[in-house]
Amino acid sequence: AGGVRVVEGDLSRSGKGQQVLVLGSGGLVGRTLVAWLEDREYTVVHVRNRRHIDLRETGALDVFNKTQLAYVFFLACEVGGSKFIENSARDLQIGIIESNIRIYQVVFPWLAARKIPFVFTSSYLHGTANSYGVIKRLGEQWIRNLGPEDAGLGKTLRLWNVYGAENVGLKSHVLSDWSEQCVRLGFATARSDGNEERQFIHALDVASALGAAMLHHHSLPLESDVSTGIWNDMHLLAVDLGNASKEVLGANCDVKFSNMVAGHRERLCPIMQGPLHEVWKPEIDLKKGCR
């Protein structure tokens, strides 16, 4: 699965003999990307999380100095979904900013010094007034400000509401939370009244978009959006999840919405006609993704 359309040349070739580095391989997108790359015979080296290698520490990446890297995927920002952002105390929000700045101060100069092409995962929420938006904006700006000799070395993919199988906790996302509750309780409880629309993209489709970005790196603009382009009403999404539950578990799962008004988000629209979208298309719709 994963929507890379085979194009003459790059996408049809095997990754055999090429080594790539995935920073943040322990997360939802990272795990899925590693599997996508290994299926195509790339040799993958990776950093799972800070317990594996702490990217905030000077020289953290020097362990890879003798590795001939063809490409790097920078997925390692220490952030979470909206649930984590909205429920984090002020000191934790400041800690998120400080921690990620330290990561940037280690990773970006290391990549630039070695002239390794890379892609950085940002978010459509890069413009929001919270620590998440601040960190994603800073990463994008850092790439824009690379010196003339490093122009084009880094590219950014802005992800829209990624979902897929993940461990449920403080940093998990809405569809994972609902699915886990369906399995455990037979129903799910939403945090808001659900009167909002969002665009979702499955982790498998994100992995294939990252792969396409690697293979077509030099033809991409500095920033590209990764989404389906389809707006989904949260109440209809709950119906899709209930139907998926009936198919998989043999029992319907109702999502109970609360009286809390959904937080306002500026309605942004992804740009879906760029060079990336000429070689990549998402393949997993929400009904299939929920199953």
# chains A, B, ... in the order shown; residues from 1 in each chain; ligands from 1
$ closest_atom_pairs --of "segment 171-287 of chain A" --to "segment 107-124 of chain A" --cutoff "8 Å" --atoms "only C-alpha atoms" --output "Markdown table"
| residue | atom | partner | partner_atom | distance |
| --- | --- | --- | --- | --- |
| A:Leu210 | CA | A:Val119 | CA | 7.7 |
| A:Ala213 | CA | A:Val119 | CA | 7.4 |
| A:Met214 | CA | A:Val119 | CA | 7.4 |
| A:His217 | CA | A:Pro117 | CA | 7.9 |
| A:Asp225 | CA | A:Tyr124 | CA | 7.6 |
| A:Leu268 | CA | A:Tyr124 | CA | 7.8 |
| A:Pro270 | CA | A:Tyr124 | CA | 7.9 |
$ residues_around --residues "Ser99 of chain A" --least-positions-apart "5" --cutoff "9 Å" --atoms "only C-alpha atoms" --output "short mmCIF file (atom, residue, chain, number, x, y, z; two decimals) with all heavy atoms, in the first residue's frame"
data_model
loop_
_atom_site.label_atom_id
_atom_site.label_comp_id
_atom_site.auth_asym_id
_atom_site.auth_seq_id
_atom_site.Cartn_x
_atom_site.Cartn_y
_atom_site.Cartn_z
N ARG A 56 19.52 16.10 21.19
CA ARG A 56 19.77 17.42 21.77
C ARG A 56 21.23 17.59 22.16
O ARG A 56 21.68 18.71 22.41
CB ARG A 56 18.89 17.62 23.01
CG ARG A 56 17.39 17.54 22.74
CD ARG A 56 16.61 17.53 24.03
NE ARG A 56 16.99 16.40 24.87
CZ ARG A 56 16.59 16.23 26.12
NH1 ARG A 56 15.78 17.14 26.68
NH2 ARG A 56 16.97 15.18 26.82
N CYS A 77 11.05 15.82 15.59
CA CYS A 77 10.60 16.87 16.52
C CYS A 77 9.86 16.24 17.70
O CYS A 77 9.09 15.29 17.52
CB CYS A 77 9.68 17.84 15.80
SG CYS A 77 10.53 18.98 14.72
N GLU A 78 10.07 16.76 18.87
CA GLU A 78 9.42 16.24 20.07
C GLU A 78 8.12 17.00 20.33
O GLU A 78 8.06 17.94 21.11
CB GLU A 78 10.37 16.32 21.27
CG GLU A 78 11.60 15.45 21.10
CD GLU A 78 12.44 15.36 22.36
OE1 GLU A 78 12.19 16.14 23.30
OE2 GLU A 78 13.36 14.53 22.40
N ILE A 94 6.96 25.51 27.12
CA ILE A 94 8.28 26.14 26.98
C ILE A 94 9.36 25.08 26.83
O ILE A 94 10.29 25.21 26.03
CB ILE A 94 8.56 27.06 28.18
CG1 ILE A 94 7.59 28.25 28.17
CG2 ILE A 94 10.01 27.55 28.17
CD1 ILE A 94 7.66 29.12 29.40
N TYR A 104 17.40 21.08 16.67
CA TYR A 104 17.73 21.78 15.42
C TYR A 104 19.19 22.21 15.40
O TYR A 104 19.85 22.14 14.35
CB TYR A 104 16.84 23.01 15.26
CG TYR A 104 15.37 22.72 14.99
CD1 TYR A 104 14.43 23.73 15.06
CD2 TYR A 104 14.93 21.44 14.68
CE1 TYR A 104 13.09 23.50 14.81
CE2 TYR A 104 13.59 21.19 14.43
CZ TYR A 104 12.67 22.22 14.50
OH TYR A 104 11.34 21.99 14.25
#
$ residues_around --residues "Gly152 of chain A" --least-positions-apart "6" --cutoff "9 Å" --atoms "only C-alpha atoms" --output "PyMOL selection string"
chain A and resi 117+143-144+146+217-218+220-222
$ write_last_selection --atoms "N, CA and C atoms" --output "mmCIF file, in the first residue's frame"
data_model
loop_
_atom_site.group_PDB
_atom_site.id
_atom_site.type_symbol
_atom_site.label_atom_id
_atom_site.label_comp_id
_atom_site.auth_asym_id
_atom_site.auth_seq_id
_atom_site.Cartn_x
_atom_site.Cartn_y
_atom_site.Cartn_z
ATOM 1 N N PRO A 117 21.312 15.506 1.376
ATOM 2 C CA PRO A 117 19.943 15.970 1.133
ATOM 3 C C PRO A 117 18.980 15.357 2.150
ATOM 4 N N ILE A 143 15.490 25.898 7.305
ATOM 5 C CA ILE A 143 15.802 25.335 5.989
ATOM 6 C C ILE A 143 15.857 26.437 4.930
ATOM 7 N N ARG A 144 14.921 27.382 5.004
ATOM 8 C CA ARG A 144 14.941 28.495 4.039
ATOM 9 C C ARG A 144 16.211 29.317 4.164
ATOM 10 N N LEU A 146 19.249 28.289 4.995
ATOM 11 C CA LEU A 146 20.515 27.631 4.713
ATOM 12 C C LEU A 146 21.297 28.465 3.699
ATOM 13 N N HIS A 217 13.697 14.676 -5.048
ATOM 14 C CA HIS A 217 14.102 15.764 -4.163
ATOM 15 C C HIS A 217 14.367 17.067 -4.908
ATOM 16 N N HIS A 218 15.163 17.020 -5.943
ATOM 17 C CA HIS A 218 15.629 18.256 -6.591
ATOM 18 C C HIS A 218 14.541 18.943 -7.422
ATOM 19 N N LEU A 220 11.420 19.293 -6.251
ATOM 20 C CA LEU A 220 10.392 19.797 -5.342
ATOM 21 C C LEU A 220 10.656 21.237 -4.935
ATOM 22 N N PRO A 221 9.586 21.991 -4.652
ATOM 23 C CA PRO A 221 9.753 23.318 -4.044
ATOM 24 C C PRO A 221 10.184 23.147 -2.597
ATOM 25 N N LEU A 222 10.430 24.248 -1.907
ATOM 26 C CA LEU A 222 10.863 24.155 -0.514
ATOM 27 C C LEU A 222 9.816 23.496 0.379
#
$ residues_around --residues "Val63 of chain A" --least-positions-apart "6" --cutoff "12 Å" --atoms "only C-alpha atoms" --output "PyMOL selection string"
chain A and resi 21+45-47+53-55+110
$ residues_around --residues "Gly133 of chain A" --least-positions-apart "3" --cutoff "12 Å" --atoms "only C-alpha atoms" --output "list in words"
Cys77, Val79, Gly80, Gly81, Ser82, Ile85, Gln93, Ile96, Ile97, Asn100, Ser122, Ser123, Tyr124, Leu125, His126, Gly127, Thr128, Ala129, Asn130, Lys136, Arg137, Leu138, Gly139, Glu140 and Arg158 of chain A
$ write_last_selection --atoms "N, CA, C and O atoms" --output "JSON list (two decimals), in the first residue's frame"
[["chain", "number", "residue", "atom", "x", "y", "z"],
["A", 77, "CYS", "N", 11.05, 15.82, 15.59],
["A", 77, "CYS", "CA", 10.60, 16.87, 16.52],
["A", 77, "CYS", "C", 9.86, 16.24, 17.70],
["A", 77, "CYS", "O", 9.09, 15.29, 17.52],
["A", 79, "VAL", "N", 7.08, 16.57, 19.62],
["A", 79, "VAL", "CA", 5.77, 17.20, 19.74],
["A", 79, "VAL", "C", 4.73, 16.08, 19.76],
["A", 79, "VAL", "O", 5.05, 14.91, 19.59],
["A", 80, "GLY", "N", 3.47, 16.44, 19.96],
["A", 80, "GLY", "CA", 2.39, 15.45, 19.94],
["A", 80, "GLY", "C", 1.20, 16.02, 19.19],
["A", 80, "GLY", "O", 1.29, 17.08, 18.57],
["A", 81, "GLY", "N", 0.07, 15.32, 19.26],
["A", 81, "GLY", "CA", -1.14, 15.80, 18.61],
["A", 81, "GLY", "C", -1.80, 16.91, 19.39],
["A", 81, "GLY", "O", -1.31, 17.37, 20.42],
["A", 82, "SER", "N", -2.98, 17.33, 18.91],
["A", 82, "SER", "CA", -3.67, 18.46, 19.53],
["A", 82, "SER", "C", -4.03, 18.18, 20.98],
["A", 82, "SER", "O", -4.03, 19.08, 21.82],
["A", 85, "ILE", "N", -0.98, 19.01, 22.99],
["A", 85, "ILE", "CA", -0.70, 20.45, 22.95],
["A", 85, "ILE", "C", -1.67, 21.21, 23.86],
["A", 85, "ILE", "O", -1.28, 22.04, 24.67],
["A", 93, "GLN", "N", 5.08, 23.50, 27.70],
["A", 93, "GLN", "CA", 5.09, 24.14, 26.38],
["A", 93, "GLN", "C", 6.45, 24.79, 26.13],
["A", 93, "GLN", "O", 7.03, 24.66, 25.05],
["A", 96, "ILE", "N", 9.03, 22.16, 25.45],
["A", 96, "ILE", "CA", 8.96, 21.63, 24.09],
["A", 96, "ILE", "C", 9.76, 22.52, 23.14],
["A", 96, "ILE", "O", 10.54, 22.05, 22.31],
["A", 97, "ILE", "N", 9.60, 23.84, 23.28],
["A", 97, "ILE", "CA", 10.32, 24.78, 22.42],
["A", 97, "ILE", "C", 11.83, 24.65, 22.64],
["A", 97, "ILE", "O", 12.61, 24.52, 21.68],
["A", 100, "ASN", "N", 13.30, 21.26, 21.27],
["A", 100, "ASN", "CA", 13.40, 21.17, 19.82],
["A", 100, "ASN", "C", 14.42, 22.12, 19.23],
["A", 100, "ASN", "O", 15.07, 21.80, 18.23],
["A", 122, "SER", "N", 6.98, 18.88, 8.61],
["A", 122, "SER", "CA", 6.30, 19.96, 9.32],
["A", 122, "SER", "C", 4.82, 19.62, 9.37],
["A", 122, "SER", "O", 4.43, 18.46, 9.26],
["A", 123, "SER", "N", 3.99, 20.62, 9.54],
["A", 123, "SER", "CA", 2.55, 20.41, 9.69],
["A", 123, "SER", "C", 1.78, 21.57, 9.09],
["A", 123, "SER", "O", 2.29, 22.70, 9.02],
["A", 124, "TYR", "N", 0.54, 21.28, 8.69],
["A", 124, "TYR", "CA", -0.33, 22.38, 8.24],
["A", 124, "TYR", "C", -0.61, 23.34, 9.39],
["A", 124, "TYR", "O", -1.05, 24.48, 9.16],
["A", 125, "LEU", "N", -0.33, 22.94, 10.62],
["A", 125, "LEU", "CA", -0.54, 23.80, 11.80],
["A", 125, "LEU", "C", 0.69, 24.64, 12.12],
["A", 125, "LEU", "O", 0.80, 25.17, 13.22],
["A", 126, "HIS", "N", 1.60, 24.77, 11.16],
["A", 126, "HIS", "CA", 2.82, 25.52, 11.43],
["A", 126, "HIS", "C", 2.54, 26.99, 11.78],
["A", 126, "HIS", "O", 3.38, 27.65, 12.38],
["A", 127, "GLY", "N", 1.39, 27.48, 11.42],
["A", 127, "GLY", "CA", 1.07, 28.87, 11.70],
["A", 127, "GLY", "C", 0.32, 29.11, 12.99],
["A", 127, "GLY", "O", 0.00, 30.26, 13.32],
["A", 128, "THR", "N", 0.05, 28.06, 13.77],
["A", 128, "THR", "CA", -0.74, 28.23, 14.99],
["A", 128, "THR", "C", 0.07, 28.87, 16.11],
["A", 128, "THR", "O", 1.29, 28.74, 16.17],
["A", 129, "ALA", "N", -0.65, 29.53, 17.02],
["A", 129, "ALA", "CA", 0.00, 30.28, 18.10],
["A", 129, "ALA", "C", 0.19, 29.40, 19.33],
["A", 129, "ALA", "O", -0.37, 29.64, 20.40],
["A", 130, "ASN", "N", 0.97, 28.33, 19.18],
["A", 130, "ASN", "CA", 1.32, 27.47, 20.31],
["A", 130, "ASN", "C", 2.72, 26.92, 20.07],
["A", 130, "ASN", "O", 3.34, 27.21, 19.04],
["A", 136, "LYS", "N", 7.48, 24.09, 14.39],
["A", 136, "LYS", "CA", 7.41, 23.75, 12.97],
["A", 136, "LYS", "C", 7.80, 24.94, 12.09],
["A", 136, "LYS", "O", 8.49, 24.78, 11.09],
["A", 137, "ARG", "N", 7.36, 26.15, 12.47],
["A", 137, "ARG", "CA", 7.76, 27.34, 11.71],
["A", 137, "ARG", "C", 9.26, 27.53, 11.74],
["A", 137, "ARG", "O", 9.89, 27.87, 10.73],
["A", 138, "LEU", "N", 9.84, 27.33, 12.92],
["A", 138, "LEU", "CA", 11.28, 27.52, 13.06],
["A", 138, "LEU", "C", 12.05, 26.53, 12.19],
["A", 138, "LEU", "O", 13.03, 26.90, 11.54],
["A", 139, "GLY", "N", 11.61, 25.28, 12.17],
["A", 139, "GLY", "CA", 12.27, 24.29, 11.32],
["A", 139, "GLY", "C", 12.20, 24.66, 9.85],
["A", 139, "GLY", "O", 13.20, 24.57, 9.11],
["A", 140, "GLU", "N", 11.03, 25.10, 9.41],
["A", 140, "GLU", "CA", 10.88, 25.52, 8.01],
["A", 140, "GLU", "C", 11.78, 26.71, 7.69],
["A", 140, "GLU", "O", 12.43, 26.77, 6.64],
["A", 158, "ARG", "N", 4.58, 19.26, 4.64],
["A", 158, "ARG", "CA", 3.60, 19.64, 5.67],
["A", 158, "ARG", "C", 2.51, 18.59, 5.72],
["A", 158, "ARG", "O", 1.74, 18.41, 4.78]]
$ closest_atom_pairs --of "segment 136-180 of chain A" --to "segment 247-255 of chain A" --cutoff "12 Å" --atoms "only C-alpha atoms" --output "JSON lines"
{"residue": "A:Val174", "atom": "CA", "partner": "A:Val255", "partner_atom": "CA", "distance": 11.5}
{"residue": "A:Leu175", "atom": "CA", "partner": "A:Val255", "partner_atom": "CA", "distance": 10.9}
{"residue": "A:Asp177", "atom": "CA", "partner": "A:Val255", "partner_atom": "CA", "distance": 11.0}
{"residue": "A:Trp178", "atom": "CA", "partner": "A:Val255", "partner_atom": "CA", "distance": 7.5}
{"residue": "A:Ser179", "atom": "CA", "partner": "A:Cys253", "partner_atom": "CA", "distance": 8.9}
{"residue": "A:Glu180", "atom": "CA", "partner": "A:Cys253", "partner_atom": "CA", "distance": 10.8}
$ write_last_selection --atoms "C-alpha atoms" --output "PDB file, in the first residue's frame"
ATOM      1  CA  VAL A 174      -8.071  11.186  17.636  1.00  0.00           C
ATOM      2  CA  LEU A 175      -8.737   8.155  15.408  1.00  0.00           C
ATOM      3  CA  ASP A 177      -8.045   7.107  20.659  1.00  0.00           C
ATOM      4  CA  TRP A 178     -11.516   6.352  19.327  1.00  0.00           C
ATOM      5  CA  SER A 179     -10.449   2.975  17.915  1.00  0.00           C
ATOM      6  CA  GLU A 180      -8.839   1.889  21.176  1.00  0.00           C
TER       7      GLU A 180
END
$ residues_around --residues "Gly229 of chain A" --least-positions-apart "5" --cutoff "8 Å" --atoms "only C-alpha atoms" --output "ChimeraX atom specification"
/A:199,269-270,272
$ write_last_selection --atoms "C-alpha atoms" --output "tab-separated table (two decimals), in the first residue's frame"
chain	number	residue	atom	x	y	z
A	199	GLN	CA	-8.40	16.41	6.49
A	269	CYS	CA	-6.35	24.46	2.17
A	270	PRO	CA	-3.46	22.24	1.04
A	272	MET	CA	-2.35	19.62	-4.17
$ select_by_dssp --residues "segment 120-194 of chain A" --states "alpha helix (DSSP H)" --output "NGL selection string"
:A and (131-144 or 174-185)
$ atom_distance --atom1 "atom CA of Lys281 of chain A" --atom2 "atom CA of Ser172 of chain A"
25.2 Å
$ closest_residue --among "A:Lys155, A:His202, A:Lys256, A:Lys246" --to "Met234 of chain A" --atoms "only C-alpha atoms"
A:Lys256
$ closest_residue --among "A:Gly59, A:Pro282, A:Gly289, A:Gly194" --to "Asn259 of chain A" --atoms "only C-alpha atoms"
A:Gly194
$ select_by_dssp --residues "segment 151-239 of chain A" --states "strand (DSSP E)" --output "PyMOL selection string"
chain A and resi 154-159+162-163+187-189+197-198+201-202+223-226+232-233
$ write_last_selection --atoms "N, CA and C atoms" --output "PDB file, in the first residue's frame"
ATOM      1  N   GLY A 154      17.644  20.959   1.824  1.00  0.00           N
ATOM      2  CA  GLY A 154      16.515  20.519   2.642  1.00  0.00           C
ATOM      3  C   GLY A 154      15.185  20.876   2.009  1.00  0.00           C
ATOM      4  N   LYS A 155      14.212  19.980   2.141  1.00  0.00           N
ATOM      5  CA  LYS A 155      12.844  20.221   1.689  1.00  0.00           C
ATOM      6  C   LYS A 155      11.897  19.916   2.843  1.00  0.00           C
ATOM      7  N   THR A 156      10.715  20.511   2.829  1.00  0.00           N
ATOM      8  CA  THR A 156       9.726  20.345   3.893  1.00  0.00           C
ATOM      9  C   THR A 156       8.449  19.734   3.342  1.00  0.00           C
ATOM     10  N   LEU A 157       7.923  18.729   4.038  1.00  0.00           N
ATOM     11  CA  LEU A 157       6.583  18.216   3.765  1.00  0.00           C
ATOM     12  C   LEU A 157       5.688  18.583   4.934  1.00  0.00           C
ATOM     13  N   ARG A 158       4.577  19.264   4.642  1.00  0.00           N
ATOM     14  CA  ARG A 158       3.602  19.639   5.667  1.00  0.00           C
ATOM     15  C   ARG A 158       2.510  18.586   5.723  1.00  0.00           C
ATOM     16  N   LEU A 159       2.433  17.878   6.844  1.00  0.00           N
ATOM     17  CA  LEU A 159       1.502  16.767   6.996  1.00  0.00           C
ATOM     18  C   LEU A 159       0.180  17.231   7.596  1.00  0.00           C
ATOM     19  N   VAL A 162      -2.211  13.003  10.410  1.00  0.00           N
ATOM     20  CA  VAL A 162      -1.806  11.638  10.111  1.00  0.00           C
ATOM     21  C   VAL A 162      -2.486  10.683  11.102  1.00  0.00           C
ATOM     22  N   TYR A 163      -2.923   9.521  10.591  1.00  0.00           N
ATOM     23  CA  TYR A 163      -3.493   8.511  11.471  1.00  0.00           C
ATOM     24  C   TYR A 163      -2.994   7.132  11.050  1.00  0.00           C
ATOM     25  N   PHE A 187     -17.567   1.591  22.895  1.00  0.00           N
ATOM     26  CA  PHE A 187     -17.986   2.926  22.474  1.00  0.00           C
ATOM     27  C   PHE A 187     -16.785   3.853  22.634  1.00  0.00           C
ATOM     28  N   ALA A 188     -16.877   5.044  22.064  1.00  0.00           N
ATOM     29  CA  ALA A 188     -15.802   6.026  22.185  1.00  0.00           C
ATOM     30  C   ALA A 188     -16.382   7.358  22.622  1.00  0.00           C
ATOM     31  N   THR A 189     -15.575   8.146  23.310  1.00  0.00           N
ATOM     32  CA  THR A 189     -16.000   9.458  23.795  1.00  0.00           C
ATOM     33  C   THR A 189     -15.130  10.530  23.162  1.00  0.00           C
ATOM     34  N   GLU A 197     -14.507  20.168  10.674  1.00  0.00           N
ATOM     35  CA  GLU A 197     -14.049  19.305   9.593  1.00  0.00           C
ATOM     36  C   GLU A 197     -12.528  19.269   9.595  1.00  0.00           C
ATOM     37  N   ARG A 198     -11.980  18.118   9.258  1.00  0.00           N
ATOM     38  CA  ARG A 198     -10.533  17.965   9.177  1.00  0.00           C
ATOM     39  C   ARG A 198     -10.174  17.133   7.946  1.00  0.00           C
ATOM     40  N   ILE A 201      -4.836  11.829   6.642  1.00  0.00           N
ATOM     41  CA  ILE A 201      -3.968  11.107   5.715  1.00  0.00           C
ATOM     42  C   ILE A 201      -3.377   9.908   6.461  1.00  0.00           C
ATOM     43  N   HIS A 202      -3.470   8.723   5.862  1.00  0.00           N
ATOM     44  CA  HIS A 202      -2.985   7.513   6.526  1.00  0.00           C
ATOM     45  C   HIS A 202      -1.463   7.474   6.518  1.00  0.00           C
ATOM     46  N   GLU A 223       8.526  23.774   0.117  1.00  0.00           N
ATOM     47  CA  GLU A 223       7.472  23.186   0.939  1.00  0.00           C
ATOM     48  C   GLU A 223       6.411  22.527   0.065  1.00  0.00           C
ATOM     49  N   SER A 224       5.924  21.381   0.501  1.00  0.00           N
ATOM     50  CA  SER A 224       4.839  20.662  -0.181  1.00  0.00           C
ATOM     51  C   SER A 224       3.859  20.132   0.854  1.00  0.00           C
ATOM     52  N   ASP A 225       2.562  20.115   0.492  1.00  0.00           N
ATOM     53  CA  ASP A 225       1.528  19.595   1.385  1.00  0.00           C
ATOM     54  C   ASP A 225       1.290  18.111   1.137  1.00  0.00           C
ATOM     55  N   VAL A 226       1.045  17.375   2.227  1.00  0.00           N
ATOM     56  CA  VAL A 226       0.728  15.951   2.137  1.00  0.00           C
ATOM     57  C   VAL A 226      -0.629  15.729   2.795  1.00  0.00           C
ATOM     58  N   ASN A 232     -13.383  16.173   6.028  1.00  0.00           N
ATOM     59  CA  ASN A 232     -14.211  15.149   6.659  1.00  0.00           C
ATOM     60  C   ASN A 232     -14.919  15.708   7.876  1.00  0.00           C
ATOM     61  N   ASP A 233     -16.246  15.626   7.866  1.00  0.00           N
ATOM     62  CA  ASP A 233     -17.044  15.998   9.021  1.00  0.00           C
ATOM     63  C   ASP A 233     -16.803  14.977  10.129  1.00  0.00           C
TER      64      ASP A 233
END
$ atom_distance --atom1 "atom CA of Val22 of chain A" --atom2 "atom CA of Thr67 of chain A"
13.0 Å
$ atom_distance --atom1 "atom CA of Ser245 of chain A" --atom2 "atom CA of Gly186 of chain A"
9.0 Å
